[in-house]
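Below is data.cif, holding mmCIF, C-alpha atoms and all ligand atoms.
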```
data_upload
#
loop_
_atom_site.label_atom_id
_atom_site.label_comp_id
_atom_site.auth_asym_id
_atom_site.auth_seq_id
_atom_site.Cartn_x
_atom_site.Cartn_y
_atom_site.Cartn_z
CA MET V 1 0.61 -55.74 14.09
CA VAL V 2 0.96 -54.66 17.70
CA SER V 3 -1.83 -55.64 20.08
CA ALA V 4 -3.11 -53.18 22.67
CA GLN V 5 -5.60 -52.84 25.51
CA ALA V 6 -8.29 -50.27 24.73
CA LEU V 7 -11.25 -48.74 26.53
CA VAL V 8 -13.76 -48.85 23.69
CA LEU V 9 -17.03 -46.92 23.60
CA PRO V 10 -19.17 -49.30 21.51
CA GLU V 11 -22.14 -46.99 20.97
CA LEU V 12 -23.92 -43.87 22.21
CA HIS V 13 -24.87 -43.91 25.93
CA ALA V 14 -23.15 -47.30 26.45
CA PRO V 15 -20.54 -48.03 29.11
CA PHE V 16 -16.90 -48.34 28.05
CA GLN V 17 -15.58 -51.87 27.42
CA VAL V 18 -12.06 -53.13 28.06
CA LEU V 19 -11.02 -54.89 24.84
CA GLU V 20 -7.94 -56.27 23.12
CA VAL V 21 -7.39 -54.44 19.82
CA GLU V 22 -4.72 -54.34 17.12
CA LEU V 23 -2.76 -51.28 16.09
CA ASP V 24 -2.02 -50.49 12.45
CA ASN V 25 1.58 -50.15 11.27
CA LEU V 26 3.27 -46.95 12.44
CA ARG V 27 3.34 -44.17 9.82
CA PRO V 28 6.37 -41.84 9.32
CA ASP V 29 4.74 -38.97 11.24
CA GLU V 30 3.50 -41.08 14.17
CA VAL V 31 4.85 -42.19 17.53
CA LEU V 32 4.11 -45.42 19.40
CA VAL V 33 3.60 -44.50 23.05
CA GLU V 34 3.58 -46.76 26.09
CA MET V 35 0.76 -45.08 27.98
CA LYS V 36 1.28 -44.55 31.71
CA ALA V 37 -1.76 -42.44 32.59
CA THR V 38 -4.73 -40.83 30.87
CA SER V 39 -6.95 -38.38 32.67
CA ILE V 40 -10.57 -37.91 31.74
CA CYS V 41 -11.72 -34.54 30.44
CA ALA V 42 -15.33 -33.37 30.04
CA THR V 43 -15.12 -33.87 26.27
CA ASP V 44 -14.79 -37.67 26.68
CA PRO V 45 -18.15 -38.20 28.45
CA ALA V 46 -19.63 -35.51 26.15
CA VAL V 47 -19.07 -37.93 23.24
CA GLN V 48 -20.69 -40.72 25.27
CA ARG V 49 -23.76 -38.47 25.74
CA GLY V 50 -23.90 -37.58 22.04
CA LYS V 51 -23.00 -33.92 22.54
CA ILE V 52 -20.07 -34.31 20.14
CA PRO V 53 -20.71 -36.50 17.09
CA GLN V 54 -18.42 -39.50 16.51
CA THR V 55 -18.65 -42.74 14.56
CA PHE V 56 -18.91 -45.80 16.82
CA PRO V 57 -17.18 -47.86 18.05
CA VAL V 58 -14.61 -45.27 19.12
CA VAL V 59 -11.52 -45.06 21.32
CA LEU V 60 -11.47 -41.66 23.04
CA GLY V 61 -8.94 -40.27 25.53
CA HIS V 62 -7.15 -36.96 25.01
CA GLU V 63 -5.11 -36.32 28.16
CA GLY V 64 -2.58 -39.10 27.80
CA ALA V 65 0.97 -39.28 29.11
CA GLY V 66 3.55 -41.95 28.49
CA ILE V 67 6.95 -42.98 27.18
CA VAL V 68 8.10 -43.20 23.57
CA LYS V 69 8.44 -46.84 22.43
CA GLU V 70 9.10 -46.18 18.76
CA VAL V 71 9.17 -43.18 16.43
CA GLY V 72 8.12 -42.98 12.78
CA SER V 73 10.83 -42.35 10.17
CA ALA V 74 9.94 -38.65 9.75
CA VAL V 75 9.95 -37.82 13.48
CA SER V 76 13.26 -36.14 14.25
CA ASN V 77 12.60 -34.40 17.58
CA LEU V 78 11.79 -37.46 19.73
CA THR V 79 13.62 -40.64 20.67
CA LYS V 80 12.76 -43.87 22.44
CA GLY V 81 12.45 -43.32 26.19
CA ASP V 82 11.34 -39.67 26.01
CA HIS V 83 8.55 -38.77 28.43
CA LEU V 84 5.51 -37.23 26.76
CA VAL V 85 2.35 -35.35 27.60
CA LEU V 86 -0.13 -35.63 24.74
CA SER V 87 -2.20 -32.66 23.60
CA TYR V 88 -4.41 -31.69 20.67
CA ASP V 89 -3.28 -32.30 17.09
CA SER V 90 -2.58 -29.66 14.43
CA CYS V 91 -1.14 -29.79 10.91
CA GLY V 92 2.02 -27.82 11.66
CA LYS V 93 1.97 -26.43 8.12
CA CYS V 94 -0.93 -23.98 7.66
CA ARG V 95 -0.42 -20.23 8.11
CA HIS V 96 -1.64 -20.34 11.72
CA CYS V 97 0.56 -23.29 12.70
CA GLN V 98 3.52 -21.57 11.03
CA LYS V 99 3.02 -18.68 13.48
CA LYS V 100 2.70 -21.15 16.39
CA ASN V 101 -1.02 -20.37 16.69
CA ASN V 102 -1.76 -24.09 16.35
CA PHE V 103 -5.09 -23.68 18.17
CA ARG V 104 -6.31 -21.88 15.02
CA CYS V 105 -5.11 -24.69 12.72
CA LEU V 106 -7.21 -24.89 9.56
CA GLU V 107 -7.43 -28.68 10.05
CA ILE V 108 -8.37 -28.60 13.74
CA MET V 109 -11.76 -30.36 13.40
CA LYS V 110 -10.57 -33.06 11.03
CA ARG V 111 -7.44 -33.86 13.03
CA ASN V 112 -9.05 -33.93 16.46
CA PHE V 113 -12.60 -35.15 15.84
CA GLY V 114 -12.35 -36.83 12.41
CA GLY V 115 -12.08 -40.36 13.87
CA GLN V 116 -9.40 -41.38 11.37
CA ARG V 117 -6.09 -40.44 9.81
CA GLU V 118 -5.96 -37.82 7.06
CA ASP V 119 -6.02 -40.53 4.37
CA GLY V 120 -9.10 -42.18 5.91
CA SER V 121 -7.25 -45.12 7.47
CA HIS V 122 -7.51 -46.04 11.16
CA THR V 123 -4.83 -46.57 13.79
CA ILE V 124 -6.98 -49.09 15.72
CA ILE V 125 -8.54 -52.27 14.35
CA LYS V 126 -10.76 -54.81 16.11
CA GLU V 127 -11.30 -58.20 14.49
CA GLY V 128 -10.47 -56.78 11.06
CA LYS V 129 -12.85 -53.84 11.39
CA PRO V 130 -11.75 -50.21 11.87
CA VAL V 131 -12.39 -48.46 15.18
CA SER V 132 -12.75 -44.65 15.24
CA SER V 133 -9.48 -43.33 16.56
CA CYS V 134 -7.02 -40.40 16.29
CA PHE V 135 -9.19 -38.57 18.86
CA PHE V 136 -7.17 -35.38 19.49
CA GLY V 137 -4.45 -37.15 17.50
CA GLN V 138 -3.99 -39.68 20.28
CA SER V 139 -7.00 -41.83 21.34
CA SER V 140 -5.10 -42.39 24.57
CA PHE V 141 -7.69 -44.69 26.15
CA CYS V 142 -5.40 -47.32 24.65
CA ASN V 143 -2.08 -48.83 25.66
CA PRO V 144 0.16 -48.72 23.74
CA ALA V 145 -1.21 -46.04 21.42
CA ILE V 146 -0.31 -44.67 18.00
CA VAL V 147 -0.06 -40.89 18.42
CA GLN V 148 0.34 -38.20 15.78
CA ALA V 149 3.74 -36.54 16.22
CA ASN V 150 2.22 -33.06 16.49
CA SER V 151 0.27 -34.17 19.58
CA CYS V 152 3.48 -35.18 21.39
CA VAL V 153 5.06 -32.78 23.87
CA LYS V 154 8.35 -33.83 25.45
CA VAL V 155 8.44 -33.15 29.19
CA ASP V 156 10.82 -33.25 32.14
CA SER V 157 11.27 -36.96 32.93
CA SER V 158 11.49 -36.29 36.69
CA LEU V 159 7.79 -35.40 36.81
CA ASP V 160 5.03 -37.89 37.63
CA LEU V 161 3.18 -38.66 34.38
CA ALA V 162 0.11 -39.63 36.42
CA VAL V 163 -0.16 -35.97 37.49
CA ILE V 164 1.02 -33.99 34.48
CA CYS V 165 -1.14 -35.96 32.00
CA SER V 166 -3.92 -33.48 32.83
CA LEU V 167 -1.89 -30.61 31.36
CA GLY V 168 -2.75 -31.93 27.87
CA CYS V 169 -6.22 -30.39 27.66
CA GLY V 170 -8.19 -29.24 30.72
CA ILE V 171 -5.43 -27.51 32.65
CA GLN V 172 -3.95 -25.99 29.48
CA THR V 173 -7.43 -24.70 28.62
CA GLY V 174 -8.10 -23.07 31.99
CA ALA V 175 -4.62 -21.70 32.69
CA GLY V 176 -4.22 -20.55 29.08
CA SER V 177 -7.52 -18.66 29.18
CA ILE V 178 -5.96 -16.43 31.83
CA PHE V 179 -2.31 -16.24 30.68
CA ASN V 180 -3.01 -16.03 26.93
CA VAL V 181 -6.53 -14.62 26.50
CA VAL V 182 -7.41 -12.43 29.50
CA LYS V 183 -3.74 -11.29 29.82
CA PRO V 184 -4.28 -9.60 33.20
CA VAL V 185 -0.92 -7.82 33.40
CA GLU V 186 -1.01 -6.33 29.90
CA LYS V 187 -4.65 -5.26 30.31
CA ASP V 188 -4.53 -4.17 33.98
CA VAL V 189 -7.25 -6.62 35.00
CA ARG V 190 -8.14 -6.12 38.65
CA SER V 191 -11.29 -8.20 38.96
CA LEU V 192 -11.78 -11.63 37.41
CA GLY V 193 -14.85 -13.86 37.65
CA VAL V 194 -14.42 -17.61 37.14
CA PHE V 195 -17.76 -19.33 36.53
CA GLY V 196 -17.72 -23.09 37.14
CA LEU V 197 -15.09 -24.94 39.17
CA GLY V 198 -14.33 -28.10 37.26
CA ALA V 199 -10.71 -28.74 36.30
CA VAL V 200 -10.76 -25.88 33.76
CA GLY V 201 -12.14 -23.32 36.23
CA CYS V 202 -9.77 -24.46 39.00
CA ALA V 203 -6.84 -24.11 36.58
CA ALA V 204 -8.01 -20.58 35.75
CA VAL V 205 -8.05 -19.73 39.47
CA MET V 206 -4.54 -21.18 39.93
CA ALA V 207 -3.20 -19.19 36.95
CA ALA V 208 -4.78 -15.98 38.27
CA HIS V 209 -3.21 -16.62 41.67
CA ILE V 210 0.25 -17.06 40.11
CA LEU V 211 -0.08 -13.78 38.19
CA SER V 212 -1.36 -11.84 41.20
CA LYS V 213 1.57 -13.05 43.32
CA ASP V 214 4.07 -12.00 40.65
CA ASN V 215 2.29 -8.70 39.86
CA PRO V 216 0.73 -7.23 43.01
CA THR V 217 -1.13 -4.47 41.14
CA VAL V 218 -3.37 -6.89 39.20
CA LEU V 219 -6.11 -9.36 40.13
CA SER V 220 -6.91 -8.05 43.59
CA HIS V 221 -10.28 -9.80 43.12
CA VAL V 222 -10.36 -13.39 41.86
CA ILE V 223 -14.01 -14.33 42.31
CA ALA V 224 -14.99 -17.99 41.95
CA VAL V 225 -18.65 -18.84 41.29
CA ASP V 226 -20.12 -22.32 41.69
CA VAL V 227 -23.10 -24.03 43.35
CA ASN V 228 -20.88 -26.67 44.99
CA GLU V 229 -19.70 -25.53 48.45
CA SER V 230 -16.74 -27.92 48.60
CA ARG V 231 -15.50 -26.60 45.24
CA LEU V 232 -15.79 -23.02 46.54
CA LYS V 233 -13.72 -23.98 49.57
CA LEU V 234 -11.10 -25.56 47.31
CA ALA V 235 -11.06 -22.46 45.07
CA LYS V 236 -10.21 -20.33 48.12
CA GLU V 237 -7.32 -22.65 48.92
CA LEU V 238 -6.14 -22.40 45.30
CA GLY V 239 -6.10 -18.60 45.39
CA ALA V 240 -9.61 -17.23 44.88
CA THR V 241 -10.05 -14.09 46.97
CA HIS V 242 -13.85 -14.31 47.03
CA THR V 243 -16.48 -16.96 46.32
CA ILE V 244 -20.14 -16.76 45.38
CA ASN V 245 -22.70 -19.56 45.53
CA PRO V 246 -25.60 -18.64 43.20
CA ALA V 247 -27.83 -21.02 45.17
CA ASN V 248 -27.57 -18.72 48.20
CA GLU V 249 -26.68 -15.30 46.84
CA ASP V 250 -27.64 -12.79 44.14
CA VAL V 251 -24.57 -13.05 41.91
CA ARG V 252 -25.06 -9.68 40.20
CA ALA V 253 -25.55 -7.77 43.46
CA ARG V 254 -22.47 -9.36 45.03
CA LEU V 255 -20.26 -8.78 41.97
CA MET V 256 -21.35 -5.14 41.77
CA GLN V 257 -20.61 -4.67 45.46
CA LEU V 258 -17.17 -6.32 45.13
CA THR V 259 -16.25 -4.20 42.09
CA GLU V 260 -17.65 -0.95 43.53
CA GLN V 261 -20.42 -0.95 40.89
CA GLU V 262 -17.92 -1.11 37.97
CA GLY V 263 -18.57 -4.69 36.86
CA LEU V 264 -15.87 -7.27 36.18
CA ASP V 265 -12.70 -6.47 34.23
CA ALA V 266 -12.65 -10.07 33.00
CA ALA V 267 -14.61 -13.28 33.28
CA VAL V 268 -14.31 -16.82 31.98
CA ASP V 269 -17.21 -19.25 31.71
CA CYS V 270 -16.27 -22.87 32.28
CA THR V 271 -19.82 -24.14 32.88
CA GLY V 272 -21.05 -24.32 29.29
CA VAL V 273 -24.50 -23.31 30.56
CA LEU V 274 -26.04 -20.74 28.19
CA SER V 275 -27.83 -18.75 30.92
CA VAL V 276 -24.56 -18.47 32.87
CA ILE V 277 -22.72 -17.34 29.72
CA ASN V 278 -25.31 -14.64 29.05
CA SER V 279 -25.14 -13.47 32.68
CA MET V 280 -21.34 -13.36 32.51
CA ILE V 281 -21.56 -11.13 29.43
CA ASP V 282 -23.85 -8.77 31.37
CA PHE V 283 -21.48 -8.65 34.37
CA ILE V 284 -18.55 -7.22 32.34
CA GLY V 285 -17.56 -3.62 33.05
CA SER V 286 -15.98 -0.93 30.89
CA GLY V 287 -13.06 -2.23 28.82
CA GLY V 288 -13.71 -5.73 30.13
CA ILE V 289 -13.47 -9.11 28.44
CA ALA V 290 -15.79 -12.11 28.72
CA VAL V 291 -14.42 -15.45 27.54
CA THR V 292 -16.47 -18.52 26.65
CA ILE V 293 -14.73 -21.85 27.14
CA GLY V 294 -17.59 -24.27 27.88
CA ASN V 295 -19.77 -25.31 24.95
CA PRO V 296 -23.51 -25.19 25.74
CA GLY V 297 -24.43 -27.05 22.53
CA ASN V 298 -23.49 -26.88 18.91
CA GLU V 299 -26.49 -24.71 17.92
CA SER V 300 -26.31 -22.29 20.90
CA LYS V 301 -25.98 -18.55 20.42
CA ALA V 302 -24.87 -16.11 23.11
CA SER V 303 -26.61 -12.78 23.62
CA VAL V 304 -24.39 -9.70 23.56
CA PRO V 305 -26.01 -6.32 24.39
CA ILE V 306 -24.49 -4.28 21.57
CA LEU V 307 -24.77 -0.69 22.82
CA PRO V 308 -23.12 -1.27 26.23
CA PHE V 309 -20.39 -3.23 24.45
CA ILE V 310 -19.79 -0.33 22.03
CA ILE V 311 -19.80 2.37 24.68
CA GLY V 312 -17.70 0.31 27.10
CA ALA V 313 -15.35 -1.00 24.38
CA LYS V 314 -15.97 -4.45 25.84
CA THR V 315 -14.96 -7.77 24.29
CA TYR V 316 -16.77 -11.09 24.10
CA CYS V 317 -14.65 -13.92 22.73
CA ALA V 318 -14.18 -17.66 22.88
CA SER V 319 -11.15 -19.81 23.44
CA HIS V 320 -10.13 -23.45 23.28
CA GLN V 321 -6.96 -25.12 24.53
CA GLY V 322 -6.08 -21.82 26.23
CA ASN V 323 -5.05 -20.35 22.85
CA ALA V 324 -1.80 -22.17 23.56
CA ASP V 325 0.99 -23.75 21.55
CA PRO V 326 1.32 -26.97 23.57
CA LYS V 327 5.00 -27.45 22.68
CA SER V 328 5.98 -24.40 24.73
CA PHE V 329 3.00 -23.95 27.07
CA ILE V 330 2.83 -27.48 28.53
CA PRO V 331 6.53 -27.52 29.57
CA HIS V 332 5.92 -24.10 31.16
CA LEU V 333 2.92 -25.43 33.11
CA ALA V 334 4.94 -28.54 34.06
CA SER V 335 7.66 -26.34 35.52
CA LEU V 336 5.05 -24.35 37.48
CA TYR V 337 3.76 -27.66 38.87
CA LYS V 338 7.33 -28.68 39.74
CA GLN V 339 7.79 -25.41 41.64
CA GLY V 340 4.63 -26.14 43.63
CA ARG V 341 2.79 -23.21 42.06
CA LEU V 342 0.23 -25.18 40.04
CA PRO V 343 -1.04 -27.86 42.44
CA ILE V 344 -3.09 -29.83 39.92
CA ASP V 345 -2.64 -33.01 41.95
CA ARG V 346 -5.20 -31.54 44.36
CA LEU V 347 -7.89 -32.00 41.69
CA GLN V 348 -7.04 -35.59 40.85
CA LYS V 349 -8.03 -39.09 41.92
CA THR V 350 -6.45 -42.20 40.37
CA TYR V 351 -8.23 -45.32 39.10
CA LYS V 352 -7.15 -48.47 37.31
CA ALA V 353 -7.74 -47.96 33.57
CA GLU V 354 -10.34 -50.74 33.53
CA ASP V 355 -12.38 -48.83 36.13
CA ILE V 356 -13.16 -46.04 33.66
CA ASN V 357 -16.94 -46.32 34.10
CA GLU V 358 -16.62 -45.80 37.87
CA ALA V 359 -14.28 -42.84 37.23
CA ILE V 360 -16.77 -41.19 34.86
CA ALA V 361 -19.63 -41.78 37.32
CA ASP V 362 -17.60 -40.05 40.07
CA MET V 363 -16.88 -37.15 37.71
CA LYS V 364 -20.57 -36.81 36.82
CA ASN V 365 -21.81 -36.89 40.42
CA GLY V 366 -19.29 -34.17 41.29
CA SER V 367 -17.31 -36.15 43.86
CA VAL V 368 -14.12 -36.08 41.74
CA ILE V 369 -12.86 -33.18 39.64
CA LYS V 370 -10.19 -34.92 37.57
CA PRO V 371 -10.11 -38.73 37.40
CA VAL V 372 -6.79 -40.20 36.22
CA LEU V 373 -6.66 -43.69 34.70
CA LEU V 374 -3.46 -45.63 35.35
CA TRP V 375 -2.18 -48.20 32.86
CA SER V 376 -0.33 -51.24 34.13
ZN ZN V 401 -10.45 -31.90 26.99
ZN ZN V 402 -2.36 -26.04 10.89
#
```

Translate the structure of the given file into structure tokens.
Ligand SMILES: [Zn+2]
Ligand SMILES: [Zn+2]
Amino acid sequence: MVSAQALVLPELHAPFQVLEVELDNLRPDEVLVEMKATSICATDPAVQRGKIPQTFPVVLGHEGAGIVKEVGSAVSNLTKGDHLVLSYDSCGKCRHCQKKNNFRCLEIMKRNFGGQREDGSHTIIKEGKPVSSCFFGQSSFCNPAIVQANSCVKVDSSLDLAVICSLGCGIQTGAGSIFNVVKPVEKDVRSLGVFGLGAVGCAAVMAAHILSKDNPTVLSHVIAVDVNESRLKLAKELGATHTINPANEDVRARLMQLTEQEGLDAAVDCTGVLSVINSMIDFIGSGGIAVTIGNPGNESKASVPILPFIIGAKTYCASHQGNADPKSFIPHLASLYKQGRLPIDRLQKTYKAEDINEAIADMKNGSVIKPVLLWS
């Protein structure tokens, strides 16, 4: 058995603990990864708050990056020393995975939130007892970590893993919502509203900026909405053309003025606040699309005004992981970062892995957008 250092969440609402754990033997479809960095995504503290059910104790972490130490006997596409960004897990076999629509995988819940391997065994053991693991196929709050092969994405080894780790979930989700769901070029989207400027919303703004630079006829209006003034300032620097602070302004009146009373061609909600989602749906104009990314709660229902949506041929939809196939999308995002076009390092602050509780506190109080834990 290999021993590892893990950041264990012992129970609901408790702080994380730094503990020595043991790893189970590597299975044929798994990879042992020497973790270099793991960034924290909103879903990690959401488990701590009980918003996403898990069995405790649990090892979370789903934006890991590291180097291959060992590959299982059935893993043919990776070798020792490869640099990896870790993303969500999928079966690779169902009809959706076969079409590279892994985000629709029929086993998505079980593989990412099931807390165990498919056969019910655990990758992490503490004093002979199983610890919930396989979170997003990786449980990368652990070094080294056993990772499911389908979560592993090989990346350019010249890139800093402490930066590109965040591509694994939050940045993929935000950028993918624009590139893969809103599809501004294909749909001639001129005005886009981005509600909520966490890492996901900032990534959506960056993606919109890239597309507008490459296609001058689209996205003349990238409108960022948030109550945090420093985030609005950052959004402008990242490419938002306009900003709205709902604490000071009537959002509807301003959006209508900016779109010459047409309403938005597209909007993404990254707040997960139900009232904001319902407002976003109301702000959509003819032929427009409203996309839900943030989850307001497992029982929540959005309100869609049916007649205006029929007459305007509007769309309300939801997305996770940017509707992306990580194996192709993450290397694409990594190359955009390398070209200086996706400056995700501007969202990040690094911490020692053992300072995870401080990192989460900074994320919650809004002083840091994307904390990155470094493993030594
Ligand atoms: Zn995430
Ligand atoms: Zn599948």

Select, from V:Ile67, V:Ser303, V:Pro57, V:Ile289, the residue with the minimum atom-to-atom distance to Asp160 (chain V), counting only C-alpha atoms.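 Ranking V:Ile67, V:Ser303, V:Pro57, V:Ile289 by distance to Asp160 (chain V), first place goes to V:Ile67.
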
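Using only C-alpha atoms and all ligand atoms, the nearest neighbour of ligand ZN 402 (chain V) within the list V:Lys36, V:Lys100, V:His62, V:Arg49 is V:Lys100.
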
Set the cut-off to 7 Å, count all atoms listed in the file, and list whatever residues fall near ligand ZN 402 (chain V) as a ChimeraX atom specification. /V:90-97,102,105-107

Please identify all protein, DNA and RNA residues within 6 Å of ligand ZN 401 (chain V), counting only C-alpha atoms and all ligand atoms, and report them as a PDB file with C-alpha atoms, in the coordinates of the input.
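File produced: out20.pdb:
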```pdb
ATOM      1  CA  CYS V  41     -11.720 -34.540  30.440  1.00  0.00           C
ATOM      2  CA  ALA V  42     -15.330 -33.370  30.040  1.00  0.00           C
ATOM      3  CA  THR V  43     -15.120 -33.870  26.270  1.00  0.00           C
ATOM      4  CA  CYS V 169      -6.220 -30.390  27.660  1.00  0.00           C
ATOM      5  CA  GLY V 170      -8.190 -29.240  30.720  1.00  0.00           C
TER       6      GLY V 170
END
```

Shell around Ser151 (chain V) at 9 Å using all atoms listed in the file, local window under 4 positions removed, as a ChimeraX atom specification: /V:85-90,136-138,147,326-327

Would you work out the distance separating CA of Leu159 (chain V) from CA of Phe103 (chain V), expressed in Å to one decimal? 25.5 Å

Go ahead and compute the interatomic distance for CA of Ala6 (chain V) and CA of Glu63 (chain V), in Å to one decimal.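 It comes out at 14.7 Å.
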
So how far away is CA of Gln48 (chain V) from CA of Val368 (chain V), in Å?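 About the pair CA of Val368 (chain V) and CA of Gln48 (chain V): they are 18.3 Å apart.
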
Considering only C-alpha atoms, state which residue in the set V:Pro45, V:Pro10, V:Pro296, V:Gly120 is at the smallest distance from Asp269 (chain V). V:Pro296

Pick out the residues sitting within 8 Å of region 255-267 of chain V, and hand them over as a list of chain:residue names; count only C-alpha atoms, and ignore anything fewer than 5 positions along from it in its own chain.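 So, after excluding close chain neighbours, the residues are V:Val182, V:Val189, V:Arg190, V:Ser191, V:Leu192, V:Gly193, V:Val194, V:Phe195, V:His221, V:Met280, V:Phe283, V:Ile284, V:Gly285, V:Ser286, V:Gly287, V:Gly288, V:Ile289, V:Ala290, V:Val291.
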
So, with only C-alpha atoms as the atoms that count, which of V:Asn101, V:Asn245, V:Asn143, V:Ser367 lies closest to Ser328 (chain V)?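 Counting only C-alpha atoms, the residue closest to Ser328 (chain V) is V:Asn101.
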
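Using only C-alpha atoms, the smallest distance between any of V:Val205, V:Leu238, V:Val276, V:Leu7 and Asp44 (chain V) comes from V:Leu7.
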
Save region 155-170 of chain V to disk from that block, N, CA and C atoms included, as a JSON list (two decimals), in the first residue's frame.
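Dumped to result-v2.json:
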```
[["chain", "number", "residue", "atom", "x", "y", "z"],
["V", 155, "VAL", "N", -1.40, 17.14, -20.90],
["V", 155, "VAL", "CA", -1.23, 18.54, -21.32],
["V", 155, "VAL", "C", 0.23, 18.84, -21.63],
["V", 156, "ASP", "N", 0.43, 19.95, -22.29],
["V", 156, "ASP", "CA", 1.74, 20.50, -22.65],
["V", 156, "ASP", "C", 2.59, 20.64, -21.38],
["V", 157, "SER", "N", 3.74, 19.95, -21.34],
["V", 157, "SER", "CA", 4.53, 19.92, -20.10],
["V", 157, "SER", "C", 5.27, 21.23, -19.84],
["V", 158, "SER", "N", 5.21, 22.17, -20.79],
["V", 158, "SER", "CA", 5.89, 23.46, -20.54],
["V", 158, "SER", "C", 5.02, 24.39, -19.70],
["V", 159, "LEU", "N", 3.75, 24.01, -19.50],
["V", 159, "LEU", "CA", 2.84, 24.91, -18.78],
["V", 159, "LEU", "C", 2.87, 24.66, -17.27],
["V", 160, "ASP", "N", 2.64, 25.72, -16.51],
["V", 160, "ASP", "CA", 2.69, 25.66, -15.05],
["V", 160, "ASP", "C", 1.43, 24.95, -14.53],
["V", 161, "LEU", "N", 1.63, 23.78, -13.94],
["V", 161, "LEU", "CA", 0.48, 23.01, -13.44],
["V", 161, "LEU", "C", -0.28, 23.76, -12.35],
["V", 162, "ALA", "N", 0.40, 24.66, -11.64],
["V", 162, "ALA", "CA", -0.25, 25.43, -10.58],
["V", 162, "ALA", "C", -1.21, 26.48, -11.15],
["V", 163, "VAL", "N", -1.14, 26.72, -12.44],
["V", 163, "VAL", "CA", -2.11, 27.62, -13.10],
["V", 163, "VAL", "C", -3.17, 26.80, -13.82],
["V", 164, "ILE", "N", -2.72, 25.85, -14.64],
["V", 164, "ILE", "CA", -3.69, 25.18, -15.52],
["V", 164, "ILE", "C", -4.54, 24.13, -14.81],
["V", 165, "CYS", "N", -4.24, 23.84, -13.53],
["V", 165, "CYS", "CA", -5.11, 22.93, -12.76],
["V", 165, "CYS", "C", -6.56, 23.41, -12.81],
["V", 166, "SER", "N", -6.77, 24.72, -12.82],
["V", 166, "SER", "CA", -8.14, 25.26, -12.76],
["V", 166, "SER", "C", -8.93, 25.03, -14.04],
["V", 167, "LEU", "N", -8.26, 24.56, -15.09],
["V", 167, "LEU", "CA", -8.99, 24.25, -16.33],
["V", 167, "LEU", "C", -9.90, 23.03, -16.15],
["V", 168, "GLY", "N", -9.62, 22.21, -15.12],
["V", 168, "GLY", "CA", -10.30, 20.93, -14.96],
["V", 168, "GLY", "C", -11.79, 21.02, -14.73],
["V", 169, "CYS", "N", -12.26, 22.10, -14.08],
["V", 169, "CYS", "CA", -13.71, 22.22, -13.86],
["V", 169, "CYS", "C", -14.20, 23.65, -14.11],
["V", 170, "GLY", "N", -13.84, 24.58, -13.22],
["V", 170, "GLY", "CA", -14.46, 25.91, -13.26],
["V", 170, "GLY", "C", -14.24, 26.66, -14.57]]
```
